[in-house]
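A.B. asks: Got a structure for you, written out below as structure tokens; questions coming shortly.
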Amino acid sequence: MSRFITRRLLSAVLLLFATSVVVFGIFEVIPSYNPARAIAGRNATATTVQQVSEKFGFDKPVYVQYGNTMKLIFTGQVIDYSDNLNVVDQFGQRFPVTLSLVVPAAVIWMLAAIALGSLSALRAGGLLDRGLMVAAIVGVSIPVFLLAAVLLYAFAFRLSWFPNTGYSPLASDPAQWAYHLVLPWIAIAALSIGFYSRVLRSNALDVINQDFVRTARAKGLTQRQVFVRHVLRNSLMPIVTLFGLDFATLLGGAALVTETVFNLPGIGQYEATAIGNLDVPPIMVGAMFTAFFVVLFSALSDVVYALLDPRIRLTG
Amino acid sequence: MALDSEDRGAAGIIVSAAPGDLLAETRHPPAIGPWRLAGRRLRRNKVALVFLALFVILVALCLLAPVYSNYIAHIGPNTNNITGTVDVNGQQQNVVSVSGVPIGPTWGSHYLLGADTNGRDLAVRLLYGGRTSLLIGAIATLIIMVLGTLVGLISGYFRGVADFILRPLMELIWSFPVVILGVALGTALAIGGIGPVKGNSVYIPAFIIGVVYIPYLGKPIRGEVLRLRHQDFIDAARVQGMGPWRIMFSEILPNIASTIIVFVPLVLAYSILLEAYLSFLGAGVQAPNASWGTLISDGLPYIQTTPTYSLIPGAMLVLTVLSVNVVGDGVRDALDPRAQVRVRT
């Protein structure tokens with residue numbers, strides 16, 4: 001177990017380092033990109049730009065700049081170039097919004113996928129099974145921002161069932177919080193449900209034909225016990241891996257298009273704005289934030305693997 | 001010899017007549033190769049054929065964009081017309097109102113789907129945008145197919161130093177969230193361009209998507225090559241004195257061809273989708289060019305008043321990607337009915 005943790009920590013540090021170097025490197029190669037000019041403002045004189053450049057160290061060699069930026073990030077002092085806001089504070093303030101968007105959406109799509117996938121495996125070839133096949137292929141063909149736009153148009157503007165955009169904090173009024181987030185939840189969850197349930201279904205069909213399932217039936221377990229304890233448990237693994245990666249990237253800001261369309265002030269929206277302004281620090285922090293969750297959840301999904309299947313050992 | 005044995009039997013050679021008769025009794029139907037079998041399975045898949053037809057129609061529509069622009073709409077895709085007027089049911093209306101709101105769909109030959117804030121014809125831009133989206137998808141797919149196969153072959157066959165360099169590189173790209181990597185590259189290159197290629201060239205997003213998705217093909221190909229390289233026919237080729245490159249291309253490549261073909265539609269679908277994502281976020285196709293992604297993004301502020309602005313490019317995008325995916329499923333089922341190849345963003 002300690003070997004597993006050490007190896008995972010090591011690869012986490014390596015991945016975070018690689019991520020930050022890649023993002024920083026990408027922005028270093030932009031010839032016409034001058035952060036000093038962005039900070040100094042529109043009407044700045046050449047001298048002011050020069051001063052800003054010296055103050056922030058943009059005149060230093062690349063590796064010194066990289067070192068400074070990393071130091072600022074890890075001491076929580078890094079500021080963005082366009083609004084002079086503390087990036088780490090911004091991530092801290094905005095993260096609850098992203099959590100309220102992503103976590104319920106993830107719960108919805110996992111529960112729906114497990115239920116629908118199980119049902120369609122039990123009645124393979126049935127109406128639900130064929131419907132899910134269509135849903136899965138449609139789901140991977142629609143970009144999430146388009147679904148968000150359609151939902152916004154249909155349910156917020158035409159039918160006025162839901163508020164069009166914006167966010168209401170959970171602490172002040174849970175009902176308003178959920179009311180504002182129903183459409184974004186659907187936008188994120190809907191496209192994944194079809195695909196996840198298809199994967200679960202095909203795994204369940206593989207497992208159903210194995211010997212231990214026949215044994216379980218032969219020893220007199222009910223259909224429900226056989227399915228839940230033996231089939232489902234063994235067919236959840238690929239979904240766990242998929243889910244770990246998808247959930248991690250969503251937490252790190254991959255929900256940025258959904259947050260943009262629905263005007264939710266989460267970290268994704270912050271990253272999207274930073275992309276528009278070529279504001280390196282928030283993009284770097286965002287990329288490392290995502291990488292952190294990717295490593296964390298890939299380790300967690302390995303732990304879940306071991307829980308689901310005692311034959312698997314955590315060797316890293 | 002056995003086939004013309006009847007004639008010889010007539011000539012009195014008894015020994016060869018006996019096996020000839022045996023063969024005549026158990027004559028097999030002409031052998032069908034795996035490719036023709038796959039083609040036959042694909043032709044029986046009516047759904048895939050219907051969507052293939054849909055895809056061809058959509059591509060043809062987009063390719064005919066200049067015809068529509070010249071002979072029906074009489075306006076170019078990037079022609080501004082802020083102060084102009086258009087005839088709607090006998091009334092002259094401003095293309096862009098005094099307060100800056102563009103006209104909605106007229107359902108006539110001019111401004112069929114309305115205008116944007118610069119007074120450009122959205123229907124013309126929709127078709128030209130489709131051309132851009134499809135072109136980027138096609139170039140990106142070509143890059144992924146060529147480089148992904150090469151990287152997979154080299155990394156899997158040579159192992160050693162090549163594998164030591166290529167494999168971590170693929171893992172690094174792979175573990176990056178595709179959208180974030182694409183966006184970072186896209187914003188960076190949109191300003192500076194690459195060498196002689198200008199920042200607003202449509203080849204830049206194509207190049208970025210191509211690079212970002214190389215591991216999609218490279219990793220599975222590498223796995224296949226690793227599996228194949230210890231088989232007897234490779235050893236036989238090596239013993240005959242074939243060089244590594246000849247073995248890779250004339251022995252291994254034909255054996256992984258069906259895997260590569262299965263990936264073509266998948267990669268095309270993902271490339272078109274990623275282009276839409278990047279353009280939506282402002283990191284893909286740059287002004288004045290349009291793509292379906294930029295049109296959807298441009299139309300969002302007008303979703304309440306003119307929903308067609310966003311939703312029609314959206315529908316074109318979804319129909320295209322959907323038809324590619326359905327055809328891809330059909331191709332996969334035809335080539336290997338038991339395969340489980342399925343990847344996603």
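Please note that chains go A, B, ... in the order of the structure tokens, that every chain numbers its residues from 1, and that ligands are numbered from 1 in the order shown.
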For A:Ser141, find every residue with an atom within 9 Å (counting only C-alpha atoms), except residues of its own chain fewer than 3 positions away, and show them as a list in words.
C.D. replies: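 Surrounding residues, per the criterion: Ala136, Ile137, Val138 and Leu191 of chain A; Ala269, Tyr270, Leu273, Leu317, Val318, Leu319, Thr320, Val321, Leu322, Ser323, Val324 and Asn325 of chain B.
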A.B. asks: Within 12 Å of B:Ser175, counting only C-alpha atoms, which residues show up once you throw out same-chain ones fewer than 3 positions away? Write them as JSON, numbers by chain, please.
C.D. replies: {"A": [11, 12, 14, 15, 16, 18, 19, 245, 246, 248, 249, 287, 288, 290, 291, 292, 293, 294, 295, 298], "B": [168, 169, 170, 171, 172, 178, 179, 180, 181, 212, 213, 215, 216, 345]}
A.B. asks: What is the atom CA of B:Gly104 to atom CA of B:Ala290 distance in Å?
C.D. replies: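 Atom-to-atom, atom CA of B:Gly104 to atom CA of B:Ala290, that is 18.4 Å.
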A.B. asks: Could you pull out the residues in stretch 79-317 of chain B that DSSP calls strand (DSSP E) from the backbone, as an mmCIF file with C-alpha atoms, in the first residue's frame?
C.D. replies:
```cif
data_model
loop_
_atom_site.group_PDB
_atom_site.id
_atom_site.type_symbol
_atom_site.label_atom_id
_atom_site.label_comp_id
_atom_site.auth_asym_id
_atom_site.auth_seq_id
_atom_site.Cartn_x
_atom_site.Cartn_y
_atom_site.Cartn_z
ATOM 1 C CA THR B 85 -31.371 47.007 -47.122
ATOM 2 C CA VAL B 86 -33.103 43.829 -48.187
ATOM 3 C CA ASP B 87 -36.481 43.222 -49.808
ATOM 4 C CA VAL B 88 -38.745 41.216 -47.462
ATOM 5 C CA GLN B 91 -40.832 45.914 -48.004
ATOM 6 C CA GLN B 92 -37.309 47.292 -47.779
ATOM 7 C CA GLN B 93 -35.780 46.485 -44.397
ATOM 8 C CA ASN B 94 -32.403 47.349 -42.923
#
```
A.B. asks: With only C-alpha atoms as the counted atoms, please give the residues lying no more than 10 Å from stretch 147-158 of chain B, apart from itself and same-chain residues fewer than 4 positions off, as an MDAnalysis selection string.
C.D. replies: chainID B and resid 141:143 162:167 170 210:211 213:230 244:245 247:249 252:253 256:257 260
A.B. asks: Any chance you can output those residues with N, CA and C atoms as a compact mmCIF listing (two decimals), in the first residue's frame?
C.D. replies:
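Heads up, here's the output in out.txt:
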```txt
# COMPACT_ATOMS: atom_id res chain seq x y z
N THR B 141 -7.62 14.66 -39.58
CA THR B 141 -7.70 13.20 -39.65
C THR B 141 -6.51 12.64 -40.42
N LEU B 142 -6.16 13.31 -41.52
CA LEU B 142 -5.02 12.85 -42.32
C LEU B 142 -3.74 12.88 -41.48
N ILE B 143 -3.55 13.99 -40.74
CA ILE B 143 -2.35 14.10 -39.89
C ILE B 143 -2.32 12.97 -38.86
N ALA B 162 13.53 4.71 -29.37
CA ALA B 162 12.36 5.33 -29.99
C ALA B 162 11.15 5.24 -29.05
N ASP B 163 10.95 4.05 -28.50
CA ASP B 163 9.82 3.85 -27.59
C ASP B 163 9.99 4.69 -26.34
N PHE B 164 11.23 4.79 -25.88
CA PHE B 164 11.52 5.52 -24.66
C PHE B 164 11.18 7.01 -24.82
N ILE B 165 11.34 7.52 -26.06
CA ILE B 165 11.02 8.93 -26.30
C ILE B 165 9.54 9.10 -26.62
N LEU B 166 9.03 8.27 -27.55
CA LEU B 166 7.68 8.48 -28.07
C LEU B 166 6.59 8.16 -27.06
N ARG B 167 6.82 7.10 -26.26
CA ARG B 167 5.74 6.66 -25.39
C ARG B 167 5.40 7.70 -24.31
N MET B 170 3.49 10.56 -25.86
CA MET B 170 2.08 10.26 -26.09
C MET B 170 1.30 10.30 -24.77
N GLY B 210 -4.73 17.78 -35.06
CA GLY B 210 -3.95 16.63 -35.48
C GLY B 210 -2.96 16.20 -34.42
N VAL B 211 -2.23 17.17 -33.85
CA VAL B 211 -1.22 16.84 -32.85
C VAL B 211 -1.86 16.30 -31.58
N TYR B 213 -4.59 14.72 -31.08
CA TYR B 213 -5.22 13.40 -31.13
C TYR B 213 -4.30 12.28 -31.62
N ILE B 214 -3.00 12.57 -31.84
CA ILE B 214 -2.10 11.50 -32.30
C ILE B 214 -2.12 10.27 -31.38
N PRO B 215 -2.08 10.46 -30.05
CA PRO B 215 -2.09 9.27 -29.19
C PRO B 215 -3.34 8.40 -29.35
N TYR B 216 -4.43 9.01 -29.79
CA TYR B 216 -5.67 8.25 -29.99
C TYR B 216 -5.43 7.06 -30.88
N LEU B 217 -4.66 7.27 -31.94
CA LEU B 217 -4.34 6.18 -32.86
C LEU B 217 -3.02 5.54 -32.48
N GLY B 218 -2.05 6.37 -32.07
CA GLY B 218 -0.71 5.87 -31.81
C GLY B 218 -0.67 4.80 -30.74
N LYS B 219 -1.44 4.99 -29.66
CA LYS B 219 -1.40 4.02 -28.56
C LYS B 219 -1.95 2.65 -28.96
N PRO B 220 -3.16 2.59 -29.55
CA PRO B 220 -3.65 1.26 -29.95
C PRO B 220 -2.79 0.61 -31.04
N ILE B 221 -2.24 1.41 -31.98
CA ILE B 221 -1.40 0.82 -33.02
C ILE B 221 -0.15 0.22 -32.40
N ARG B 222 0.43 0.96 -31.45
CA ARG B 222 1.62 0.45 -30.78
C ARG B 222 1.34 -0.91 -30.12
N GLY B 223 0.17 -0.98 -29.45
CA GLY B 223 -0.22 -2.24 -28.81
C GLY B 223 -0.32 -3.37 -29.82
N GLU B 224 -0.95 -3.10 -30.97
CA GLU B 224 -1.11 -4.12 -32.01
C GLU B 224 0.26 -4.58 -32.53
N VAL B 225 1.15 -3.60 -32.75
CA VAL B 225 2.47 -3.94 -33.28
C VAL B 225 3.23 -4.80 -32.28
N LEU B 226 3.13 -4.44 -30.99
CA LEU B 226 3.80 -5.23 -29.95
C LEU B 226 3.32 -6.67 -29.98
N ARG B 227 2.02 -6.84 -30.23
CA ARG B 227 1.44 -8.18 -30.25
C ARG B 227 1.93 -8.95 -31.49
N LEU B 228 2.06 -8.24 -32.62
CA LEU B 228 2.39 -8.90 -33.87
C LEU B 228 3.88 -9.24 -33.99
N ARG B 229 4.74 -8.40 -33.41
CA ARG B 229 6.15 -8.47 -33.80
C ARG B 229 6.83 -9.77 -33.37
N HIS B 230 6.21 -10.54 -32.47
CA HIS B 230 6.83 -11.80 -32.08
C HIS B 230 6.20 -12.99 -32.77
N PRO B 244 14.06 -3.60 -41.27
CA PRO B 244 12.96 -3.23 -40.36
C PRO B 244 11.86 -2.42 -41.03
N TRP B 245 12.23 -1.47 -41.91
CA TRP B 245 11.19 -0.63 -42.52
C TRP B 245 10.31 -1.44 -43.45
N ILE B 247 9.73 -4.65 -43.22
CA ILE B 247 8.86 -5.50 -42.39
C ILE B 247 7.69 -4.69 -41.88
N MET B 248 7.99 -3.46 -41.41
CA MET B 248 6.92 -2.61 -40.85
C MET B 248 5.84 -2.34 -41.88
N PHE B 249 6.28 -1.99 -43.10
CA PHE B 249 5.28 -1.53 -44.07
C PHE B 249 4.68 -2.64 -44.91
N ILE B 252 3.72 -5.81 -41.34
CA ILE B 252 2.88 -5.42 -40.19
C ILE B 252 1.71 -4.54 -40.63
N LEU B 253 1.99 -3.57 -41.49
CA LEU B 253 0.94 -2.61 -41.87
C LEU B 253 -0.32 -3.29 -42.42
N ILE B 256 -2.50 -4.47 -39.61
CA ILE B 256 -3.19 -3.53 -38.73
C ILE B 256 -4.09 -2.59 -39.53
N ALA B 257 -4.21 -2.86 -40.84
CA ALA B 257 -4.98 -1.95 -41.70
C ALA B 257 -6.42 -1.82 -41.22
N ILE B 260 -6.72 0.56 -38.39
CA ILE B 260 -6.57 1.95 -38.82
C ILE B 260 -7.86 2.43 -39.46
```
A.B. asks: Between A:Ala190, A:Ala112, A:Ile26, A:Val285, which residue has the minimum interatomic distance to chain B, considering only C-alpha atoms?
C.D. replies: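 Once distances to chain B are computed over only C-alpha atoms, the minimum belongs to A:Ile26.
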A.B. asks: Can you tell me, as an NGL selection string, which residues in stretch 71-311 of chain A count as alpha helix (DSSP H) by DSSP?
C.D. replies: :A and (71-74 or 87-122 or 127-139 or 144-151 or 174-208 or 211-218 or 223-225 or 233-235 or 237-249 or 256-261 or 267-277 or 280-308)
A.B. asks: My list of candidates is A:Asn164, A:Gln210, A:Ser118, A:Thr45. Which is closest to A:Val228 when distances are computed with only C-alpha atoms?
C.D. replies: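 Smallest separation from A:Val228 among the options: A:Ser118.
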A.B. asks: Please determine, counting only C-alpha atoms, which residue among A:Phe17, A:Phe227, A:Phe4, A:Phe58 has the shortest atom-to-atom distance to chain B.
C.D. replies: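 Smallest separation from chain B among the options: A:Phe17.
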A.B. asks: Determine the nearest neighbour of chain B from the options A:Ile188, A:Val231, A:Val213, A:Ile142, counting only C-alpha atoms.
C.D. replies: A:Ile142
A.B. asks: I'd like the contact shell of B:Ala138 - 9 Å cut-off, only C-alpha atoms, skipping same-chain residues fewer than 4 positions apart - returned as number ranges by chain.
C.D. replies: B: 133-134, 142-143, 206, 268, 271-272
A.B. asks: Any chance you could export the current selection's C-alpha atoms as a JSON list (two decimals), in the first residue's frame?
C.D. replies:
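Final output, selection.json:
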```
[["chain", "number", "residue", "atom", "x", "y", "z"],
["B", 133, "SER", "CA", -15.18, 22.67, -40.49],
["B", 134, "LEU", "CA", -15.00, 19.71, -42.88],
["B", 142, "LEU", "CA", -5.02, 12.85, -42.32],
["B", 143, "ILE", "CA", -2.35, 14.10, -39.89],
["B", 206, "ALA", "CA", -6.23, 21.55, -38.19],
["B", 268, "LEU", "CA", -12.92, 12.46, -38.17],
["B", 271, "SER", "CA", -11.75, 16.29, -35.00],
["B", 272, "ILE", "CA", -14.86, 18.08, -36.25]]
```
A.B. asks: With only C-alpha atoms as the atoms that count, which of A:Leu183, A:Gly25, A:Leu132, A:Arg311 lies nearest to chain B?
C.D. replies: A:Gly25
